[in-house]
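Q: Structure incoming, see below.
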Amino acid sequence: MTTLICADGVLNEVPEALVHRLKLPKDAIDNDSTGNLTCHLPHITDKVMSMVIDFCHNPDAPIHKNLDSMILFDLIQAAHYFEIKSLMDLTCQTLVSMVKRKCVKEIMEKFTNKKYQPWAQSSTERIKRLHERETFIKPSTIDCVQRSRRVTDGLSSIKRRFSEGKFLSKEHSFYRLSYIYVDTKFQKSYFDVSAAAAAAAAAAAKLLTCKSKNDVRTVTSSLVSSLDGAQALADHLKHDHVALLLKILDQLQEQCTSDDRDIEIWVLSILSRVRFTALENAMTEATIQLLLKVMRDSHYVAAYLAVFALTNIVKVLPKFIGPPVESNALTCVNTALSKYGRRRMEVHVAMFFVTICRTEDLSHHVELAVTTLQKLLETEAAEQACYALQYRTYGKELQIDATMSRKLIGKLIEIIIKPPRGNCVYPGYALAVVGNIARWGSSDQIKILTSDSRILERLGMIIIADCKKIRKEACQIISNIAATMEGSIEELNTARLTDPLCRLLEDDEADVKMEAAWAIYNSIYGSKFVPSVTLPPRE
């Protein structure tokens, strides 16, 4: 027998077979010196636990009939926590019968409970549906941006020329070098990776003996060509090599003729591929300032390569981006975006913001960051801009004024309602930012969000998406929006959200059902909804 100790201290003894069925968390079970097993369940009351045990002993017992609405919610939580599918189905179906195809008055009658006395709360406090991890942030996108059709066509052309034994023209070589994100498998199909790594090592060593600009031009060109098929630069470029490349770049900024532009591009192309983790000693604040100078004063290709190199540095060595440098960097990147405004620059700037928002709080420059990201939401880099906003809004309030908040939220809702490029029916990247604002936004931002009826109408469509995590996110946004408004069940009914939520309760997986139940209860009770227990997520 195992002794279960509930939140109110009451003990329940259950046999081993029931312990396995309940899937009790292993970290909550203690084994004392006498061999007796004890399980502590501080998040569940004895009354609910007893009902769960009775159901396990007798699944046909009508425990769901004439249930108090709050006990019903506790049972739904318990069924989800203990992973009892039959009880989850039964309790969720009971909830559906209380709200499906009912008018607001009928629903409120079902949920009126004179015994229920919620804890005193101000209207700004609310139950927030939280993730331990954000579901839509994709750290891998920092390393790999999806290729556009133009990039794919260009690389196919390069592959064809190699297969035909044709040499690339100088112009075509620049075209190839300008695309940094190339699929690894495709690279290996026409480059000998090990040979490229060996060539990189030889060229890097020769760099130190260069006596003239022509020698530098030859070696840097050789380095770039050999490294196109292998990311082995970190193993072959030493501190001295990087320092020399930075020195060459610095000299070119002082006086750079048109004949020297190719050297500048080659040096930046190499630096943009350096894994700076292994070369920390080669880094100084002067390196950052040099890259920022390139962004301000050089031409387009050099500028976006400098942004890419800076992104790599921020990613692995964030300590070099202190508050003064951070301000200068954000200003320069924003200026480069305004000055050039082409797709490649937009993507690289967006990835810079993904990286810096992931590693820095930006509390002193949040308005500048949001202004730049709003520009990017109007471009093909909108997806990457939303990833940056996810990092900035996850777990913290976005501290911007009401005007900027209204503009940002309006654009996000526009993306959700009408996704750009027509290739994403349910844009989870924008949805997740709205979800973060619904969880952690200021009262003004929540007001802006709830005053736009379009978002509720769109959520009614998104809530039946094919992707489970989008359905779950949509439920959590509805739940958080509903928790800010008293009796928002009327708004949910008007936006035709009740029936889709009921459909999830009937047919979806347990964790989505749980979020749909939260959404319905929050829409009925608003900020006053405080269940007797809130069970934690299972590992």
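How things are named: the first chain in the structure tokens is A, the next is B, and so on; residues count from 1 in each chain; ligands count from 1 in the order shown.
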I'd like the contact shell of Val267 in chain A - 9 Å cut-off, only C-alpha atoms, skipping same-chain residues fewer than 5 positions apart - returned as a list of chain:residue names.
A: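 Final neighbour list, sorted by chain and number: A:Thr220, A:Ser221, A:Val224, A:Leu245, A:Leu246, A:Ile248, A:Leu249, A:Asp262, A:Ser272.
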Q: For the residues selected in the previous step, produce a file with N, CA and C atoms as a JSON list (two decimals), in the first residue's frame.
A:
```
[["chain", "number", "residue", "atom", "x", "y", "z"],
["A", 220, "THR", "N", 43.00, 35.87, -49.52],
["A", 220, "THR", "CA", 41.62, 35.98, -49.03],
["A", 220, "THR", "C", 40.63, 35.35, -50.02],
["A", 221, "SER", "N", 40.90, 35.52, -51.31],
["A", 221, "SER", "CA", 40.06, 34.88, -52.32],
["A", 221, "SER", "C", 40.13, 33.37, -52.20],
["A", 224, "VAL", "N", 38.13, 32.20, -49.05],
["A", 224, "VAL", "CA", 36.68, 32.21, -49.27],
["A", 224, "VAL", "C", 36.26, 31.02, -50.14],
["A", 245, "LEU", "N", 43.24, 39.82, -40.20],
["A", 245, "LEU", "CA", 42.07, 40.13, -41.02],
["A", 245, "LEU", "C", 41.40, 41.42, -40.55],
["A", 246, "LEU", "N", 41.28, 41.58, -39.24],
["A", 246, "LEU", "CA", 40.66, 42.80, -38.68],
["A", 246, "LEU", "C", 41.53, 44.02, -39.00],
["A", 248, "ILE", "N", 43.53, 44.34, -41.61],
["A", 248, "ILE", "CA", 43.35, 44.63, -43.04],
["A", 248, "ILE", "C", 42.04, 45.39, -43.27],
["A", 249, "LEU", "N", 40.99, 44.94, -42.60],
["A", 249, "LEU", "CA", 39.69, 45.58, -42.74],
["A", 249, "LEU", "C", 39.74, 47.03, -42.25],
["A", 262, "ASP", "N", 36.90, 44.15, -53.47],
["A", 262, "ASP", "CA", 36.81, 42.69, -53.41],
["A", 262, "ASP", "C", 37.52, 42.14, -52.18],
["A", 272, "SER", "N", 32.54, 36.64, -41.19],
["A", 272, "SER", "CA", 31.14, 36.30, -40.93],
["A", 272, "SER", "C", 30.98, 34.81, -40.64]]
```
Q: Suppose you want the space between CA of Ala483 in chain A and CA of Ser453 in chain A; what is it in Å?
A: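 Taking CA of Ala483 in chain A as the start and CA of Ser453 in chain A as the end point, the length is 15.9 Å.
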Q: Have a look at A:Asp508, A:Glu380, A:Glu326, A:Asp54 and name the one nearest to Cys467 in chain A; count only C-alpha atoms.
A: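 Checking each of A:Asp508, A:Glu380, A:Glu326, A:Asp54 against Cys467 in chain A, counting only C-alpha atoms, the winner is A:Asp508.
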Q: Name the residues in contact with Ala385 in chain A at a cut-off of 8 Å, using only C-alpha atoms, excluding same-chain residues fewer than 2 positions from it; report them as number ranges by chain.
A: A: 350-351, 353-354, 373-374, 376-377, 381-383, 387-389
Q: Given the selection you just returned, output its residues as a file containing C-alpha atoms, formatted as an mmCIF file, in the first residue's frame.
A:
```
data_model
loop_
_atom_site.group_PDB
_atom_site.id
_atom_site.type_symbol
_atom_site.label_atom_id
_atom_site.label_comp_id
_atom_site.auth_asym_id
_atom_site.auth_seq_id
_atom_site.Cartn_x
_atom_site.Cartn_y
_atom_site.Cartn_z
ATOM 1 C CA ALA A 350 16.137 40.526 -38.352
ATOM 2 C CA MET A 351 18.502 37.718 -37.352
ATOM 3 C CA PHE A 353 17.620 41.241 -33.458
ATOM 4 C CA VAL A 354 16.671 37.599 -32.850
ATOM 5 C CA LEU A 373 11.199 45.355 -35.744
ATOM 6 C CA GLN A 374 7.975 47.108 -36.784
ATOM 7 C CA LEU A 376 10.687 44.435 -40.547
ATOM 8 C CA LEU A 377 7.111 43.235 -39.977
ATOM 9 C CA ALA A 381 11.695 39.057 -42.829
ATOM 10 C CA ALA A 382 8.470 39.337 -40.777
ATOM 11 C CA GLU A 383 8.829 35.787 -39.451
ATOM 12 C CA TYR A 387 10.916 35.524 -33.333
ATOM 13 C CA ALA A 388 12.866 38.508 -31.985
ATOM 14 C CA LEU A 389 9.673 39.944 -30.475
#
```
Q: Which residue is closest to Leu208 in chain A? Choose from A:Glu264, A:Glu397, A:Asp240, A:Glu83 and count only C-alpha atoms.
A: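 Between A:Glu264, A:Glu397, A:Asp240, A:Glu83, the residue approaching Leu208 in chain A most closely is A:Asp240.
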